[in-house]
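Asks: So that you have it, the file is target08.cif, and it contains mmCIF, C-alpha atoms:
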```cif
data_input
loop_
_atom_site.group_PDB
_atom_site.id
_atom_site.type_symbol
_atom_site.label_atom_id
_atom_site.label_comp_id
_atom_site.auth_asym_id
_atom_site.auth_seq_id
_atom_site.Cartn_x
_atom_site.Cartn_y
_atom_site.Cartn_z
ATOM 1 C CA MET A 1 5.626 6.213 -5.412
ATOM 2 C CA PRO A 2 3.166 4.484 -7.767
ATOM 3 C CA ALA A 3 2.249 6.765 -10.660
ATOM 4 C CA LEU A 4 -1.501 6.382 -10.124
ATOM 5 C CA LEU A 5 -1.151 7.426 -6.484
ATOM 6 C CA ARG A 6 1.003 10.393 -7.452
ATOM 7 C CA GLU A 7 -1.557 11.527 -10.022
ATOM 8 C CA ARG A 8 -4.404 11.402 -7.484
ATOM 9 C CA ALA A 9 -2.427 13.100 -4.737
ATOM 10 C CA ASP A 10 -1.237 15.831 -7.104
ATOM 11 C CA ALA A 11 -4.836 16.525 -8.073
ATOM 12 C CA GLU A 12 -6.006 16.887 -4.450
ATOM 13 C CA PRO A 13 -3.173 17.029 -1.892
ATOM 14 C CA PRO A 14 -4.651 15.968 1.444
ATOM 15 C CA ARG A 15 -4.501 18.000 4.603
ATOM 16 C CA VAL A 16 -4.961 14.813 6.641
ATOM 17 C CA LEU A 17 -3.988 11.338 5.389
ATOM 18 C CA ALA A 18 -4.638 7.876 6.814
ATOM 19 C CA ASP A 19 -2.276 5.110 5.707
ATOM 20 C CA LEU A 20 -3.905 1.787 6.585
ATOM 21 C CA GLY A 21 -1.295 -0.934 6.967
ATOM 22 C CA ALA A 22 1.472 1.657 6.933
ATOM 23 C CA GLY A 23 4.259 -0.756 7.851
ATOM 24 C CA GLU A 24 7.526 1.158 8.076
ATOM 25 C CA GLY A 25 6.083 4.089 6.198
ATOM 26 C CA ALA A 26 7.286 3.831 2.602
ATOM 27 C CA ILE A 27 4.080 5.246 1.098
ATOM 28 C CA LEU A 28 3.497 7.988 3.647
ATOM 29 C CA TYR A 29 7.160 9.000 3.457
ATOM 30 C CA ALA A 30 7.005 9.329 -0.329
ATOM 31 C CA LEU A 31 3.874 11.482 -0.144
ATOM 32 C CA ASP A 32 5.217 13.673 2.635
ATOM 33 C CA ARG A 33 8.613 14.027 0.972
ATOM 34 C CA ALA A 34 6.856 15.216 -2.192
ATOM 35 C CA GLY A 35 5.070 17.905 -0.173
ATOM 36 C CA LEU A 36 1.671 16.296 -0.703
ATOM 37 C CA VAL A 37 0.440 16.054 2.915
ATOM 38 C CA ALA A 38 -0.176 19.331 4.736
ATOM 39 C CA GLU A 39 -0.771 18.588 8.405
ATOM 40 C CA ARG A 40 -1.243 15.054 9.725
ATOM 41 C CA ILE A 41 -0.647 11.427 8.772
ATOM 42 C CA TYR A 42 -2.377 8.646 10.678
ATOM 43 C CA ALA A 43 -0.200 5.546 10.323
ATOM 44 C CA VAL A 44 -2.169 2.425 11.214
ATOM 45 C CA ASP A 45 -0.535 -0.967 11.692
ATOM 46 C CA LEU A 46 -0.466 -3.899 14.114
ATOM 47 C CA SER A 47 3.321 -3.736 14.460
ATOM 48 C CA GLU A 48 4.615 -1.293 17.067
ATOM 49 C CA ARG A 49 8.149 -1.762 15.731
ATOM 50 C CA SER A 50 7.137 -0.848 12.189
ATOM 51 C CA LEU A 51 5.177 2.166 13.403
ATOM 52 C CA ALA A 52 8.179 3.390 15.389
ATOM 53 C CA VAL A 53 10.142 3.457 12.135
ATOM 54 C CA ALA A 54 7.274 5.210 10.309
ATOM 55 C CA ALA A 55 6.970 7.831 13.062
ATOM 56 C CA SER A 56 10.672 8.634 12.767
ATOM 57 C CA LEU A 57 10.194 9.667 9.134
ATOM 58 C CA SER A 58 8.028 12.724 9.752
ATOM 59 C CA SER A 59 6.773 14.834 12.642
ATOM 60 C CA LYS A 60 3.332 14.709 11.008
ATOM 61 C CA VAL A 61 2.943 10.976 11.686
ATOM 62 C CA VAL A 62 0.472 9.885 14.367
ATOM 63 C CA PRO A 63 1.097 6.147 14.960
ATOM 64 C CA ILE A 64 -1.928 4.012 15.759
ATOM 65 C CA VAL A 65 -1.494 0.376 16.764
ATOM 66 C CA ALA A 66 -4.735 -1.158 15.514
ATOM 67 C CA ASP A 67 -6.388 -3.489 13.057
ATOM 68 C CA VAL A 68 -6.761 -1.661 9.740
ATOM 69 C CA ALA A 69 -10.451 -2.598 9.756
ATOM 70 C CA ALA A 70 -10.992 -0.967 13.162
ATOM 71 C CA ALA A 71 -8.853 2.159 13.443
ATOM 72 C CA ASN A 72 -11.164 3.585 16.087
ATOM 73 C CA GLU A 73 -8.777 6.364 17.125
ATOM 74 C CA ILE A 74 -9.415 8.066 13.778
ATOM 75 C CA PRO A 75 -12.663 10.062 13.995
ATOM 76 C CA ALA A 76 -15.332 9.413 11.386
ATOM 77 C CA GLU A 77 -15.159 11.571 8.242
ATOM 78 C CA SER A 78 -11.949 13.232 9.429
ATOM 79 C CA VAL A 79 -9.393 12.447 6.713
ATOM 80 C CA ASP A 80 -8.984 13.789 3.205
ATOM 81 C CA ALA A 81 -7.327 10.684 1.767
ATOM 82 C CA VAL A 82 -6.742 7.017 2.580
ATOM 83 C CA THR A 83 -3.877 4.955 1.195
ATOM 84 C CA SER A 84 -3.377 1.227 1.613
ATOM 85 C CA SER A 85 -0.748 -0.586 -0.408
ATOM 86 C CA GLN A 86 -0.661 -4.388 -0.531
ATOM 87 C CA VAL A 87 -2.798 -4.800 2.596
ATOM 88 C CA ILE A 88 -6.326 -5.857 1.621
ATOM 89 C CA GLU A 89 -5.101 -9.332 0.615
ATOM 90 C CA HIS A 90 -3.906 -9.886 4.204
ATOM 91 C CA VAL A 91 -7.005 -8.876 6.169
ATOM 92 C CA PRO A 92 -9.457 -11.553 7.340
ATOM 93 C CA ASP A 93 -12.536 -9.463 6.452
ATOM 94 C CA GLU A 94 -12.165 -7.358 3.320
ATOM 95 C CA ARG A 95 -15.678 -5.950 3.716
ATOM 96 C CA ALA A 96 -14.860 -4.557 7.165
ATOM 97 C CA PHE A 97 -11.686 -3.066 5.710
ATOM 98 C CA VAL A 98 -13.592 -1.251 2.943
ATOM 99 C CA ASP A 99 -16.200 -0.123 5.500
ATOM 100 C CA GLU A 100 -13.378 1.468 7.490
ATOM 101 C CA ILE A 101 -12.131 3.381 4.456
ATOM 102 C CA ALA A 102 -15.638 4.748 3.971
ATOM 103 C CA ARG A 103 -15.986 5.586 7.666
ATOM 104 C CA VAL A 104 -12.840 7.687 8.060
ATOM 105 C CA LEU A 105 -13.040 9.520 4.710
ATOM 106 C CA ARG A 106 -14.760 12.875 4.567
ATOM 107 C CA PRO A 107 -17.273 13.348 1.724
ATOM 108 C CA HIS A 108 -15.378 13.807 -1.556
ATOM 109 C CA GLY A 109 -12.185 12.488 0.070
ATOM 110 C CA TRP A 110 -10.179 10.075 -2.068
ATOM 111 C CA PHE A 111 -8.615 6.654 -1.590
ATOM 112 C CA TYR A 112 -5.857 4.559 -3.147
ATOM 113 C CA VAL A 113 -5.712 0.768 -2.662
ATOM 114 C CA SER A 114 -3.355 -1.733 -4.286
ATOM 115 C CA SER A 115 -3.147 -5.521 -4.266
ATOM 116 C CA VAL A 116 -2.295 -8.400 -6.612
ATOM 117 C CA VAL A 117 -4.121 -10.292 -9.341
ATOM 118 C CA ARG A 118 -3.353 -14.004 -9.523
ATOM 119 C CA GLY A 119 -3.639 -15.545 -12.977
ATOM 120 C CA ARG A 120 -4.414 -19.195 -13.734
ATOM 121 C CA HIS A 121 -0.754 -20.163 -13.950
ATOM 122 C CA ALA A 122 0.584 -17.877 -11.237
ATOM 123 C CA TRP A 123 3.495 -19.275 -9.256
ATOM 124 C CA TRP A 124 6.179 -18.203 -6.823
ATOM 125 C CA PHE A 125 8.574 -20.145 -4.635
ATOM 126 C CA ARG A 126 6.686 -19.587 -1.364
ATOM 127 C CA ARG A 127 4.062 -22.006 -0.109
ATOM 128 C CA GLY A 128 0.917 -20.746 1.627
ATOM 129 C CA GLY A 129 -2.760 -21.376 2.042
ATOM 130 C CA LEU A 130 -3.376 -20.612 -1.646
ATOM 131 C CA GLY A 131 -0.606 -22.909 -2.882
ATOM 132 C CA TRP A 132 2.602 -21.571 -4.400
ATOM 133 C CA GLN A 133 2.117 -17.839 -3.960
ATOM 134 C CA ILE A 134 3.906 -14.505 -3.909
ATOM 135 C CA ASP A 135 3.391 -14.097 -0.149
ATOM 136 C CA PRO A 136 2.385 -16.970 2.164
ATOM 137 C CA THR A 137 0.547 -14.550 4.481
ATOM 138 C CA HIS A 138 -2.002 -13.643 1.789
ATOM 139 C CA VAL A 139 -5.455 -14.924 2.682
ATOM 140 C CA ARG A 140 -6.773 -14.023 -0.775
ATOM 141 C CA GLU A 141 -5.472 -13.019 -4.192
ATOM 142 C CA TYR A 142 -7.810 -11.567 -6.793
ATOM 143 C CA ALA A 143 -8.591 -13.415 -9.997
ATOM 144 C CA SER A 144 -9.029 -10.270 -12.101
ATOM 145 C CA GLU A 145 -9.361 -6.503 -12.057
ATOM 146 C CA THR A 146 -13.126 -7.046 -11.937
ATOM 147 C CA ALA A 147 -12.813 -9.173 -8.799
ATOM 148 C CA PHE A 148 -10.683 -6.464 -7.199
ATOM 149 C CA ALA A 149 -13.253 -3.808 -8.126
ATOM 150 C CA THR A 150 -15.991 -5.973 -6.606
ATOM 151 C CA ALA A 151 -14.023 -6.206 -3.357
ATOM 152 C CA LEU A 152 -13.854 -2.404 -3.179
ATOM 153 C CA ALA A 153 -17.533 -1.876 -3.964
ATOM 154 C CA HIS A 154 -19.326 0.129 -1.270
ATOM 155 C CA PRO A 155 -22.477 2.275 -1.385
ATOM 156 C CA GLU A 156 -20.540 5.330 -0.136
ATOM 157 C CA LEU A 157 -17.506 4.895 -2.403
ATOM 158 C CA GLU A 158 -17.092 5.459 -6.123
ATOM 159 C CA LEU A 159 -14.256 3.902 -8.100
ATOM 160 C CA GLU A 160 -12.595 6.248 -10.561
ATOM 161 C CA ARG A 161 -9.887 4.125 -12.118
ATOM 162 C CA ILE A 162 -8.306 0.660 -11.926
ATOM 163 C CA ARG A 163 -4.937 -0.176 -13.417
ATOM 164 C CA SER A 164 -2.830 -3.342 -13.473
ATOM 165 C CA GLN A 165 0.573 -4.314 -14.795
ATOM 166 C CA PRO A 166 2.851 -7.361 -14.650
ATOM 167 C CA LEU A 167 4.264 -7.825 -11.169
ATOM 168 C CA ARG A 168 8.037 -7.624 -10.972
ATOM 169 C CA PHE A 169 10.086 -8.381 -7.885
ATOM 170 C CA PRO A 170 12.911 -5.867 -7.226
ATOM 171 C CA VAL A 171 15.950 -7.841 -6.099
ATOM 172 C CA ALA A 172 17.326 -4.786 -4.288
ATOM 173 C CA ASP A 173 14.334 -4.746 -1.889
ATOM 174 C CA THR A 174 15.208 -8.188 -0.572
ATOM 175 C CA ALA A 175 18.878 -7.292 -0.328
ATOM 176 C CA LEU A 176 18.071 -4.226 1.763
ATOM 177 C CA ARG A 177 15.762 -6.130 4.112
ATOM 178 C CA LEU A 178 18.393 -8.821 4.634
ATOM 179 C CA ALA A 179 20.974 -6.120 5.331
ATOM 180 C CA ALA A 180 18.665 -4.590 7.943
ATOM 181 C CA ARG A 181 18.111 -7.957 9.617
ATOM 182 C CA ALA A 182 21.859 -8.510 9.722
ATOM 183 C CA GLY A 183 22.365 -5.130 11.374
ATOM 184 C CA LEU A 184 24.214 -3.680 8.377
ATOM 185 C CA ILE A 185 21.662 -0.904 7.911
ATOM 186 C CA ALA A 186 19.312 0.694 10.429
ATOM 187 C CA PRO A 187 15.636 -0.224 9.754
ATOM 188 C CA GLU A 188 14.644 3.448 9.823
ATOM 189 C CA ARG A 189 16.943 4.091 6.859
ATOM 190 C CA LEU A 190 15.075 1.710 4.562
ATOM 191 C CA ALA A 191 12.323 4.159 3.587
ATOM 192 C CA ASP A 192 14.735 6.655 2.022
ATOM 193 C CA ALA A 193 17.500 4.254 0.976
ATOM 194 C CA TYR A 194 16.828 4.664 -2.737
ATOM 195 C CA GLU A 195 16.585 8.419 -2.432
ATOM 196 C CA ARG A 196 19.964 8.594 -0.709
ATOM 197 C CA SER A 197 21.689 6.313 -3.192
ATOM 198 C CA PRO A 198 21.146 6.927 -6.930
ATOM 199 C CA ARG A 199 23.113 3.763 -7.717
ATOM 200 C CA LEU A 200 20.822 1.704 -5.519
ATOM 201 C CA ALA A 201 17.773 3.319 -7.123
ATOM 202 C CA THR A 202 19.103 2.405 -10.559
ATOM 203 C CA ALA A 203 19.715 -1.170 -9.405
ATOM 204 C CA ARG A 204 16.133 -1.395 -8.159
ATOM 205 C CA ARG A 205 14.755 -0.300 -11.522
ATOM 206 C CA THR A 206 16.938 -2.579 -13.592
ATOM 207 C CA LEU A 207 17.265 -5.754 -11.487
ATOM 208 C CA GLN A 208 13.699 -7.036 -11.387
ATOM 209 C CA VAL A 209 12.348 -10.561 -11.719
ATOM 210 C CA ARG A 210 8.987 -11.076 -13.440
ATOM 211 C CA VAL A 211 6.657 -13.034 -11.133
ATOM 212 C CA PRO A 212 4.903 -15.648 -13.316
ATOM 213 C CA GLY A 213 1.166 -15.117 -13.635
ATOM 214 C CA TYR A 214 0.906 -12.217 -11.202
ATOM 215 C CA ARG A 215 -0.140 -8.619 -11.801
ATOM 216 C CA TRP A 216 0.039 -5.557 -9.556
ATOM 217 C CA VAL A 217 -3.431 -3.993 -9.392
ATOM 218 C CA GLU A 218 -4.339 -0.578 -8.007
ATOM 219 C CA ALA A 219 -7.432 1.560 -7.762
ATOM 220 C CA VAL A 220 -8.352 5.128 -6.900
ATOM 221 C CA GLY A 221 -11.744 6.534 -6.042
ATOM 222 C CA HIS A 222 -13.573 8.895 -3.743
ATOM 223 C CA LYS A 223 -16.326 9.037 -1.159
ATOM 224 C CA ARG A 224 -19.665 10.214 -2.436
ATOM 225 C CA ALA A 225 -21.208 13.297 -0.896
#
```
Can you dump the structure from the file as structure tokens?
Replies:
Amino acid sequence: MPALLRERADAEPPRVLADLGAGEGAILYALDRAGLVAERIYAVDLSERSLAVAASLSSKVVPIVADVAAANEIPAESVDAVTSSQVIEHVPDERAFVDEIARVLRPHGWFYVSSVVRGRHAWWFRRGGLGWQIDPTHVREYASETAFATALAHPELELERIRSQPLRFPVADTALRLAARAGLIAPERLADAYERSPRLATARRTLQVRVPGYRWVEAVGHKRA
């Protein structure tokens, strides 16, 4: 779990969480496993297969197949926290995405969003609409922390903190995904793979490749009253 997310969740553990772009549930699983979500977790994603994996991780998970910018099954002002890790760079309309965070959060509820900053000489071996990039499905990559903060600006939301650090690619993550595709490991075991295997966790920490020119950027904030 990212340290900034852990700090915010420790300060105000949510009763109800919405994870926008939950995928297979790595973030929600980490929060739930740490005892930081009391009652319910809305997991929102377009992939039914990924949500099936996420739902298997906790009885608190309510899977919602929907666009992260239109999670209409979540009532307005009904969640205590929103998380969204490495999602905003994929959505066609970032403003609609931020509007949705503001819509579902209760007053004083908090949010955590992460993405990537692309420097002038950023490069990776995948080719996409932005050139050689870390993920070819990205429709945008932010030029700076300031640009990321601007993307999250909303009259109902207040940013508390932004942090960035060099982006490193854990080799073990790719190895695990390839193993799952080959049928060597069940997809639902990916979320807790590092927890079950201390050796694998150590390998993930130590075998990392620095991605040239890229930074991981994350922000926390809250909804104004």
Asks: Quote the spacing between CA of Ile134 (chain A) and CA of Arg163 (chain A) in Å to one decimal place.
Replies: 19.3 Å
Asks: Tell me which of A:Gly25, A:Pro75, A:Pro2, A:Gly131 sits closest to Pro187 (chain A), counting only C-alpha atoms.
Replies: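 Closest candidate: A:Gly25.
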Asks: In file coordinates, which residues lie within 10 Å of (-18.6, 2.1, 3.6) using all atoms listed in the file, given as a VMD selection string?
Replies: chain A and resid 95 to 105 152 to 157 223
Asks: For region 113-115 of chain A, please output as an MDAnalysis selection string all residues within 8 Å (counting all atoms listed in the file; exclusion window: fewer than 5 positions along the same chain).
Replies: chainID A and resid 83:89 141 216:220
Asks: Grab the CA of Gly221 (chain A) to CA of Ala38 (chain A) distance for me, in Å with one decimal place.
Replies: 20.3 Å
Asks: For the structure shown, which residues end up in the PyMOL selection byres ((chain A and resi 52) around 10)? Put them as a count of residues only, please?
Replies: 16
Asks: Looking at all atoms listed in the file, which of A:Ser78, A:Ser58, A:Thr137, A:Ser164 is the one that sits closest to Ala149 (chain A)?
Replies: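 Comparing A:Ser78, A:Ser58, A:Thr137, A:Ser164 against Ala149 (chain A), the winner is A:Ser164.
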Asks: Where does the PyMOL selection byres ((chain A and resi 209) around 9) land in this file, that is, which residues does it pick, as a list in words?
Replies: Leu167, Arg168, Phe169, Pro170, Val171, Leu207, Gln208, Arg210 and Val211 of chain A
Asks: Tell me which residues the PyMOL selection byres ((chain A and resi 64) around 10) grabs here, as a ChimeraX atom specification.
Replies: /A:20,22,42-48,51,61-63,65-68,71-74
Asks: List the residues sitting within 6 Å of (3.2, -8.6, -15.2) in the file's frame, using only C-alpha atoms, as a ChimeraX atom specification.
Replies: /A:165-167,214-215
Asks: So, with only C-alpha atoms as the atoms that count, which of A:Arg196, A:Ala203, A:Ala26, A:Leu159 lies closest to Ala175 (chain A)?
Replies: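 Using only C-alpha atoms, the shortest distance to Ala175 (chain A) belongs to A:Ala203.
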Asks: Of the residues A:Asp10, A:Glu195, A:Glu77, A:Glu160, which is the one nearest to Ala225 (chain A), using only C-alpha atoms?
Replies: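 For Ala225 (chain A), the nearest of the candidates is A:Glu77.
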Asks: Which is closest to Ala191 (chain A) among A:Tyr142, A:Pro13, A:Glu7, A:Leu28, if we use only C-alpha atoms?
Replies: A:Leu28
Asks: Tell me, in Å to one decimal, how far CA of Ala11 (chain A) is from CA of Leu36 (chain A).
Replies: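 We find that CA of Ala11 (chain A) and CA of Leu36 (chain A) lie 9.8 Å from each other.
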Asks: Counting only C-alpha atoms, what is within 12 Å of Trp132 (chain A), bar same-chain residues fewer than 2 positions away, as a VMD selection string?
Replies: chain A and resid 118 120 to 130 134 to 138 141 211 to 214
Asks: Just the residues within 8 Å of Ala143 (chain A), please, counting only C-alpha atoms, with nothing from its chain fewer than 5 positions along; format it as a list of chain:residue names.
Replies: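 With the cut-off at 8 Å, the set is A:Val117, A:Arg118, A:Gly119, A:Phe148.
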